[in-house]
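Raw target20.cif, mmCIF, C-alpha atoms:
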```
data_final
loop_
_atom_site.label_atom_id
_atom_site.label_comp_id
_atom_site.auth_asym_id
_atom_site.auth_seq_id
_atom_site.Cartn_x
_atom_site.Cartn_y
_atom_site.Cartn_z
CA MET A 61 -173.71 68.83 -78.65
CA ALA A 62 -172.74 69.63 -75.09
CA ALA A 63 -173.63 67.14 -72.36
CA ALA A 64 -175.32 69.60 -70.01
CA VAL A 65 -177.81 72.44 -70.24
CA THR A 66 -177.79 75.54 -68.07
CA THR A 67 -180.96 76.95 -66.52
CA PRO A 68 -182.80 78.89 -69.25
CA GLY A 69 -183.51 82.59 -69.03
CA PRO A 70 -186.31 83.22 -71.56
CA GLY A 71 -187.12 79.48 -71.78
CA TRP A 72 -186.24 76.39 -73.75
CA VAL A 73 -186.06 75.90 -77.51
CA LEU A 74 -186.29 72.58 -79.32
CA GLY A 75 -184.65 71.79 -82.65
CA ALA A 76 -185.07 68.73 -84.86
CA ASP A 77 -183.32 67.41 -87.95
CA SER A 78 -185.19 64.76 -89.96
CA GLY A 79 -183.49 62.97 -92.82
CA GLY A 80 -182.71 59.68 -94.44
CA SER A 81 -180.63 58.46 -91.51
CA GLY A 82 -183.28 59.16 -88.87
CA LEU A 83 -184.45 61.93 -86.55
CA ARG A 84 -182.23 64.00 -84.24
CA VAL A 85 -183.68 66.28 -81.59
CA ALA A 86 -181.94 68.82 -79.33
CA LEU A 87 -183.02 71.09 -76.46
CA ALA A 88 -181.26 74.29 -75.40
CA PRO A 89 -181.87 77.55 -73.55
CA ALA A 90 -183.28 80.16 -75.92
CA ASP A 91 -180.50 82.57 -74.95
CA ALA A 92 -177.74 79.95 -75.35
CA PRO A 93 -178.61 77.60 -78.23
CA ALA A 94 -175.07 76.20 -78.36
CA HIS A 95 -175.53 74.66 -74.89
CA ALA A 96 -177.74 71.74 -75.84
CA VAL A 97 -178.61 68.19 -74.97
CA SER A 98 -179.68 65.88 -77.78
CA THR A 99 -181.07 62.48 -78.59
CA ALA A 100 -181.64 60.57 -81.81
CA SER A 101 -183.66 57.86 -83.51
CA ARG A 102 -182.32 55.84 -86.43
CA ASP A 103 -185.84 55.29 -87.77
CA PRO A 104 -186.37 57.71 -90.69
CA VAL A 105 -189.71 59.50 -90.75
CA ARG A 106 -191.94 57.82 -93.30
CA THR A 107 -192.96 59.42 -96.58
CA GLY A 108 -196.23 58.35 -98.19
CA PRO A 109 -198.59 59.49 -100.97
CA GLY A 110 -199.42 62.61 -98.94
CA GLY A 111 -195.79 63.52 -98.36
CA ILE A 112 -193.84 63.37 -95.10
CA ASP A 113 -195.94 61.58 -92.47
CA ALA A 114 -196.70 64.07 -89.69
CA ALA A 115 -198.13 61.38 -87.38
CA HIS A 116 -194.96 59.28 -87.63
CA LEU A 117 -192.77 62.32 -86.96
CA LEU A 118 -194.82 63.22 -83.87
CA GLU A 119 -194.75 59.60 -82.70
CA GLN A 120 -190.96 59.90 -82.45
CA LEU A 121 -190.53 63.59 -81.66
CA LEU A 122 -192.82 63.97 -78.64
CA PRO A 123 -191.28 61.21 -76.46
CA MET A 124 -187.82 62.52 -77.34
CA ALA A 125 -188.84 66.07 -76.41
CA HIS A 126 -190.25 64.92 -73.06
CA THR A 127 -187.08 62.94 -72.35
CA LEU A 128 -184.91 66.00 -73.04
CA LEU A 129 -187.11 68.24 -70.90
CA ARG A 130 -186.84 65.80 -67.99
CA ARG A 131 -183.08 65.61 -68.46
CA ALA A 132 -182.82 69.40 -68.52
CA ALA A 133 -184.93 69.59 -65.33
CA GLY A 134 -182.51 67.15 -63.69
CA THR A 135 -185.14 64.51 -63.00
CA GLY A 136 -186.40 61.34 -64.59
CA ALA A 137 -189.85 61.72 -63.04
CA PRO A 138 -192.59 61.07 -65.62
CA GLY A 139 -194.46 64.26 -64.69
CA ALA A 140 -191.42 66.49 -65.03
CA ALA A 141 -191.78 66.93 -68.79
CA ASP A 142 -195.34 68.16 -68.42
CA ALA A 143 -194.29 70.57 -65.69
CA GLU A 144 -191.50 72.00 -67.81
CA ALA A 145 -193.37 72.05 -71.13
CA PRO A 146 -194.77 75.62 -70.70
CA GLY A 147 -191.12 76.79 -70.60
CA LEU A 148 -190.66 75.54 -74.15
CA VAL A 149 -191.01 78.75 -76.13
CA ALA A 150 -190.12 77.75 -79.71
CA VAL A 151 -189.59 74.71 -81.91
CA ALA A 152 -187.83 74.50 -85.28
CA ILE A 153 -187.94 71.37 -87.40
CA GLY A 154 -185.77 70.90 -90.47
CA ALA A 155 -186.77 68.02 -92.72
CA ALA A 156 -185.46 66.58 -95.96
CA GLY A 157 -188.18 67.04 -98.56
CA MET A 158 -190.01 69.74 -96.60
CA ALA A 159 -190.19 72.08 -99.59
CA THR A 160 -191.98 69.61 -101.87
CA LEU A 161 -193.38 66.97 -99.48
CA GLY A 162 -194.17 69.00 -96.35
CA ASP A 163 -197.88 69.81 -96.76
CA ASP A 164 -198.95 67.35 -94.04
CA LEU A 165 -196.32 68.69 -91.66
CA ARG A 166 -197.38 72.29 -92.22
CA ALA A 167 -201.05 71.39 -91.74
CA VAL A 168 -200.64 69.24 -88.63
CA LEU A 169 -197.55 70.14 -86.61
CA PRO A 170 -198.26 73.69 -85.35
CA ARG A 171 -201.53 72.70 -83.64
CA ALA A 172 -200.18 69.31 -82.48
CA LEU A 173 -197.11 70.87 -80.87
CA ALA A 174 -199.23 73.53 -79.18
CA GLN A 175 -201.48 70.86 -77.70
CA ALA A 176 -198.72 68.45 -76.67
CA LEU A 177 -195.98 70.85 -75.57
CA GLY A 178 -197.72 74.18 -75.05
CA VAL A 179 -195.54 75.86 -77.66
CA HIS A 180 -196.98 78.21 -80.29
CA ARG A 181 -193.85 79.52 -82.04
CA VAL A 182 -193.03 76.86 -84.62
CA ALA A 183 -190.74 77.01 -87.66
CA LEU A 184 -190.90 74.26 -90.28
CA ALA A 185 -187.93 74.42 -92.62
CA ALA A 186 -186.39 72.60 -95.51
CA ASP A 187 -183.24 70.81 -94.37
CA ALA A 188 -181.25 73.08 -96.69
CA VAL A 189 -182.43 76.06 -94.61
CA THR A 190 -181.34 74.50 -91.31
CA ALA A 191 -178.06 73.50 -92.98
CA TYR A 192 -177.67 77.15 -93.97
CA ALA A 193 -178.49 78.40 -90.46
CA GLY A 194 -176.08 75.90 -88.93
CA ALA A 195 -173.28 76.89 -91.29
CA LEU A 196 -173.66 80.69 -91.52
CA GLY A 197 -176.23 81.62 -88.89
CA GLN A 198 -178.31 84.57 -90.08
CA ARG A 199 -175.64 86.19 -92.27
CA PRO A 200 -176.10 86.62 -96.03
CA GLY A 201 -174.14 84.24 -98.20
CA ALA A 202 -174.35 80.78 -99.72
CA VAL A 203 -174.15 77.24 -98.39
CA VAL A 204 -173.56 74.06 -100.35
CA ALA A 205 -174.81 70.95 -98.56
CA ALA A 206 -173.46 67.79 -100.16
CA GLY A 207 -173.65 64.17 -99.13
CA THR A 208 -175.48 61.57 -101.19
CA GLY A 209 -177.18 64.51 -102.93
CA MET A 210 -176.20 68.14 -103.43
CA ILE A 211 -178.09 71.39 -102.97
CA ALA A 212 -176.97 75.01 -102.79
CA LEU A 213 -178.91 77.70 -100.95
CA GLY A 214 -178.17 81.40 -100.75
CA THR A 215 -179.80 84.53 -99.42
CA ASP A 216 -179.34 88.26 -99.18
CA LEU A 217 -181.79 88.09 -96.22
CA THR A 218 -184.58 89.26 -98.55
CA ASP A 219 -185.28 86.04 -100.42
CA TRP A 220 -183.90 82.51 -100.87
CA ARG A 221 -182.07 81.36 -103.98
CA ARG A 222 -181.86 77.61 -104.55
CA ALA A 223 -179.87 75.54 -107.03
CA ASP A 224 -180.13 71.80 -107.61
CA GLY A 225 -181.21 69.36 -104.92
CA TRP A 226 -183.44 67.71 -107.55
CA GLY A 227 -182.53 64.12 -106.74
CA HIS A 228 -180.18 61.63 -108.36
CA LEU A 229 -182.28 61.23 -111.53
CA LEU A 230 -182.69 64.93 -112.34
CA GLY A 231 -179.72 66.57 -110.67
CA ASP A 232 -177.73 66.53 -107.43
CA CYS A 233 -174.82 67.17 -109.79
CA GLY A 234 -171.48 66.76 -108.06
CA GLY A 235 -172.97 64.97 -105.06
CA GLY A 236 -171.98 61.55 -103.77
CA ALA A 237 -174.48 59.59 -105.86
CA TRP A 238 -173.46 61.56 -108.96
CA ILE A 239 -169.76 60.85 -108.37
CA GLY A 240 -170.38 57.20 -107.58
CA ARG A 241 -172.55 56.70 -110.67
CA ALA A 242 -169.95 58.37 -112.90
CA GLY A 243 -167.26 56.15 -111.42
CA LEU A 244 -169.31 53.01 -111.96
CA GLU A 245 -170.09 54.05 -115.53
CA ALA A 246 -166.37 54.48 -116.21
CA ALA A 247 -165.78 51.03 -114.74
CA MET A 248 -168.44 49.47 -116.97
CA ARG A 249 -166.91 51.19 -119.99
CA ALA A 250 -163.62 49.53 -119.15
CA HIS A 251 -165.39 46.19 -118.70
CA ASP A 252 -166.88 46.54 -122.22
CA GLY A 253 -163.71 47.88 -123.83
CA ARG A 254 -165.36 51.21 -124.69
CA ARG A 255 -163.45 54.48 -124.69
CA GLY A 256 -163.63 56.58 -121.52
CA GLY A 257 -163.24 53.56 -119.29
CA SER A 258 -161.07 53.18 -116.20
CA ALA A 259 -159.33 49.91 -115.39
CA ALA A 260 -158.62 51.19 -111.89
CA LEU A 261 -162.29 51.89 -111.21
CA LEU A 262 -163.27 48.53 -112.70
CA GLU A 263 -160.91 46.85 -110.27
CA ARG A 264 -162.49 48.74 -107.37
CA LEU A 265 -166.03 47.96 -108.59
CA GLU A 266 -165.29 44.23 -108.57
CA ALA A 267 -163.59 44.44 -105.18
CA VAL A 268 -166.61 46.19 -103.66
CA PHE A 269 -169.59 44.72 -105.53
CA GLY A 270 -168.37 41.56 -107.25
CA PRO A 271 -168.41 40.75 -110.97
CA ALA A 272 -169.18 43.80 -113.09
CA ASP A 273 -171.85 42.13 -115.21
CA GLU A 274 -173.84 41.35 -112.03
CA LEU A 275 -173.96 44.98 -110.92
CA PRO A 276 -177.25 45.89 -112.71
CA GLY A 277 -179.06 43.08 -110.91
CA LEU A 278 -177.69 44.34 -107.60
CA LEU A 279 -178.37 48.01 -108.25
CA TYR A 280 -181.67 48.40 -110.09
CA PRO A 281 -184.03 46.57 -107.70
CA ARG A 282 -182.75 48.52 -104.69
CA SER A 283 -184.93 51.23 -103.13
CA ASP A 284 -181.78 52.89 -101.75
CA ARG A 285 -180.05 53.29 -105.12
CA PRO A 286 -178.74 56.82 -104.38
CA ALA A 287 -177.01 55.61 -101.20
CA LEU A 288 -175.57 52.59 -103.00
CA LEU A 289 -174.22 54.80 -105.79
CA ALA A 290 -172.78 57.24 -103.26
CA SER A 291 -170.99 54.41 -101.46
CA PHE A 292 -168.68 54.18 -104.49
CA ALA A 293 -167.69 57.87 -104.41
CA PRO A 294 -164.83 57.31 -101.91
CA GLU A 295 -163.41 54.70 -104.31
CA VAL A 296 -163.32 57.34 -107.04
CA ALA A 297 -161.44 59.65 -104.66
CA ARG A 298 -158.95 56.89 -103.77
CA CYS A 299 -158.19 56.30 -107.45
CA ALA A 300 -157.88 59.99 -108.39
CA ALA A 301 -154.17 60.39 -107.63
CA ASP A 302 -153.14 57.81 -110.25
CA ASP A 303 -156.14 57.56 -112.57
CA PRO A 304 -156.97 60.43 -114.96
CA VAL A 305 -160.57 59.26 -115.43
CA ALA A 306 -161.29 59.32 -111.69
CA ARG A 307 -159.52 62.67 -111.44
CA GLY A 308 -161.65 64.03 -114.27
CA ILE A 309 -164.86 62.88 -112.55
CA LEU A 310 -163.94 64.80 -109.40
CA ALA A 311 -162.95 67.86 -111.43
CA GLU A 312 -166.38 67.81 -113.12
CA ALA A 313 -168.08 67.35 -109.75
CA ALA A 314 -166.16 70.34 -108.38
CA ASP A 315 -167.21 72.42 -111.37
CA ASP A 316 -170.87 71.51 -110.81
CA ILE A 317 -170.69 72.30 -107.10
CA ALA A 318 -169.09 75.67 -107.81
CA ALA A 319 -171.72 76.41 -110.47
CA ALA A 320 -174.50 75.75 -107.93
CA ALA A 321 -172.82 78.03 -105.41
CA ALA A 322 -172.43 80.74 -108.07
CA ALA A 323 -176.13 80.47 -108.93
CA VAL A 324 -177.24 81.23 -105.37
CA CYS A 325 -174.66 83.71 -104.11
CA PRO A 326 -175.96 87.22 -103.54
CA PRO A 327 -175.02 89.44 -106.52
CA VAL A 328 -171.61 91.06 -106.78
CA SER A 329 -173.21 94.44 -106.02
CA ALA A 330 -173.95 93.16 -102.51
CA GLY A 331 -170.21 92.82 -101.85
CA GLU A 332 -168.18 89.80 -100.80
CA CYS A 333 -170.14 86.55 -100.57
CA GLU A 334 -169.37 84.05 -97.83
CA VAL A 335 -169.60 80.44 -99.06
CA ALA A 336 -169.71 77.54 -96.62
CA LEU A 337 -169.48 73.87 -97.50
CA THR A 338 -171.22 71.34 -95.29
CA GLY A 339 -172.00 67.63 -95.48
CA GLY A 340 -170.24 64.30 -95.57
CA LEU A 341 -169.05 64.58 -99.17
CA PHE A 342 -166.40 67.11 -98.21
CA LYS A 343 -164.74 64.57 -95.92
CA MET A 344 -163.12 63.24 -99.12
CA GLY A 345 -160.37 65.80 -98.58
CA ASP A 346 -157.94 66.96 -101.24
CA PRO A 347 -159.11 64.83 -104.22
CA LEU A 348 -162.28 66.96 -104.24
CA ALA A 349 -161.19 69.98 -102.22
CA VAL A 350 -158.30 70.97 -104.52
CA PRO A 351 -160.33 71.14 -107.76
CA LEU A 352 -163.23 72.71 -105.86
CA ARG A 353 -161.07 75.56 -104.57
CA ALA A 354 -159.93 76.22 -108.14
CA ALA A 355 -163.49 76.07 -109.50
CA LEU A 356 -164.81 78.44 -106.82
CA ALA A 357 -161.98 80.90 -107.49
CA GLN A 358 -162.80 80.88 -111.21
CA GLN A 359 -166.60 81.03 -111.00
CA LEU A 360 -166.95 83.09 -107.80
CA PRO A 361 -163.96 85.41 -107.57
CA HIS A 362 -165.81 87.65 -105.07
CA ALA A 363 -166.58 84.72 -102.74
CA ARG A 364 -164.85 84.02 -99.45
CA PRO A 365 -164.89 80.34 -98.45
CA VAL A 366 -165.57 79.91 -94.72
CA SER A 367 -165.87 76.92 -92.43
CA ALA A 368 -169.38 75.81 -91.51
CA ALA A 369 -170.03 76.79 -87.90
CA GLY A 370 -172.41 73.89 -87.24
CA ASP A 371 -174.61 71.19 -88.73
CA PRO A 372 -178.34 71.21 -89.58
CA LEU A 373 -179.36 70.26 -86.02
CA ALA A 374 -177.43 73.24 -84.69
CA GLY A 375 -179.15 75.26 -87.42
CA SER A 376 -182.58 74.22 -86.24
CA LEU A 377 -181.68 75.47 -82.74
CA THR A 378 -180.42 78.73 -84.25
CA VAL A 379 -183.77 79.22 -86.00
CA ALA A 380 -185.75 78.26 -82.87
CA ALA A 381 -183.74 80.63 -80.67
CA ALA A 382 -184.18 83.50 -83.12
CA LEU A 383 -187.90 82.78 -83.27
CA ALA A 384 -188.10 82.74 -79.47
CA THR A 385 -186.31 86.07 -79.08
CA GLY A 386 -187.98 87.85 -82.01
CA SER A 387 -184.70 88.13 -83.91
CA LEU A 388 -185.36 85.88 -86.91
CA THR A 389 -183.99 87.62 -90.00
CA LEU A 390 -183.76 84.65 -92.37
CA PRO A 391 -186.42 85.09 -95.09
CA ARG A 392 -189.74 83.43 -94.39
CA HIS A 393 -191.12 81.35 -97.23
CA PRO A 394 -194.26 79.21 -97.43
CA ARG A 395 -192.25 76.08 -98.29
CA MET A 396 -188.65 76.80 -97.35
CA LEU A 397 -189.20 78.45 -93.94
CA HIS A 398 -192.79 78.34 -92.72
CA VAL A 399 -193.38 80.13 -89.40
CA SER A 400 -196.39 79.88 -87.07
CA LEU A 401 -196.73 82.22 -84.07
#
```

The structure in this file should be written as structure tokens.
Amino acid sequence: MAAAVTTPGPGWVLGADSGGSGLRVALAPADAPAHAVSTASRDPVRTGPGGIDAAHLLEQLLPMAHTLLRRAAGTGAPGAADAEAPGLVAVAIGAAGMATLGDDLRAVLPRALAQALGVHRVALAADAVTAYAGALGQRPGAVVAAGTGMIALGTDLTDWRRADGWGHLLGDCGGGAWIGRAGLEAAMRAHDGRRGGSAALLERLEAVFGPADELPGLLYPRSDRPALLASFAPEVARCAADDPVARGILAEAADDIAAAAAAVCPPVSAGECEVALTGGLFKMGDPLAVPLRAALAQQLPHARPVSAAGDPLAGSLTVAAALATGSLTLPRHPRMLHVSL
């Protein structure tokens, strides 16, 4: 994000990205969403029996919004945020779990933001939607977002198509937790002397976690099991050049990622499909990128891989700016992209 914001024409827009690593918030002119200032909290928004906790999100979001408004106004005066708040014309919030756990957010946030910030145009989106908007803007195509988990989202601008993103127990196939778990399983096979094992991965397991037979006691009680599993994925990538088992795990991951992209791409009749890859998993480089290029070429011959233009926070600003200017063309959906005017 840029360090300075220019004076807005039609007003300010606010974007937020809420996930497992915390909450990020950015402010930009509605007519120049790329020119933003941002701030962040490392405290993830709580999730309880009723889903994502709207009160906890607001507890973090509102002070951050006021801070950004004061910064944009060029003053630290406490009253500056209130003076500038009427210039805030739209807010877009992307949150992990919004599609299935966002009922409290959808019920509470539009009215709360209107009361606290004077803003009535509010978009509440699944984080996959803001990842899409950050990567491709409002063009048709498909985006694969992969880090600890993995989800693919595509649209022809009429409807959304989703594949995977079902969590590490039911899916997220090809994501970081999936790769890490497969690598650890291969290591444990080698430890037991079973076929399909990898001595190289066993060596890395013991270097990272300690004795192999103590791994279950370390792993199973943890509430952050997906993150712990995903932390081993880079070790699988490091072993892939010399270890056929590690190489096979990444080839299978690439095949699963390509299959998810193929499931959500607009149909061939719509013409060439742009596919963008975003998320920390793709920082692995060639050990995953090489088999993934081959898998995409085989499963999606009409696709054109493109670089992601921005991240989910940039995507939330894209959605907010489009909402502010009446140019939102991404499909509205009661759970994926909920809009209040």

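Between Arg255 (chain A) and the candidates A:Val305, A:Val335, A:Ala354, A:Ala186, the tightest atom-to-atom separation, counting all atoms listed in the file, involves A:Val305.
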
Run the PyMOL selection byres ((chain A and resi 90) around 9) on the file and write out the hits as a ChimeraX atom specification.
/A:68-74,88-89,91-93,148-150,377-378,380-382,384-385

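Proximity to Leu348 (chain A) at 10 Å, evaluated using only C-alpha atoms and with sequence-adjacent residues fewer than 5 positions away removed, yields A:Gly234, A:Ala297, A:Ala300, A:Arg307, A:Ile309, A:Leu310, A:Ala311, A:Glu312, A:Ala313, A:Ala314, A:Leu341, A:Phe342, A:Lys343, A:Arg353.
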
Can you pull out the residues contacting Leu337 (chain A)? Cut-off 7 Å, using only C-alpha atoms, and skip same-chain residues under 4 positions away; I want them as number ranges by chain.
A: 203-205, 367-368

Using the chain letters and numbers from the file, give me the residues hit by the PyMOL selection byres ((chain A and resi 221) around 12), as a ChimeraX atom specification.
/A:188-189,192,200-204,211-220,222-224,320-327,391,393,396

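When the PyMOL selection byres ((chain A and resi 208) around 7) is run on the displayed coordinates, the residues it returns are A:Ala206, A:Gly207, A:Gly209, A:Met210, A:Gly235, A:Gly236, A:Ala237, A:Pro286, A:Ala287, A:Ala290.
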
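When all atoms listed in the file are used to compute distances to Gln359 (chain A), the closest of the residues A:Met158, A:Leu390, A:Ala318, A:Val379 turns out to be A:Ala318.
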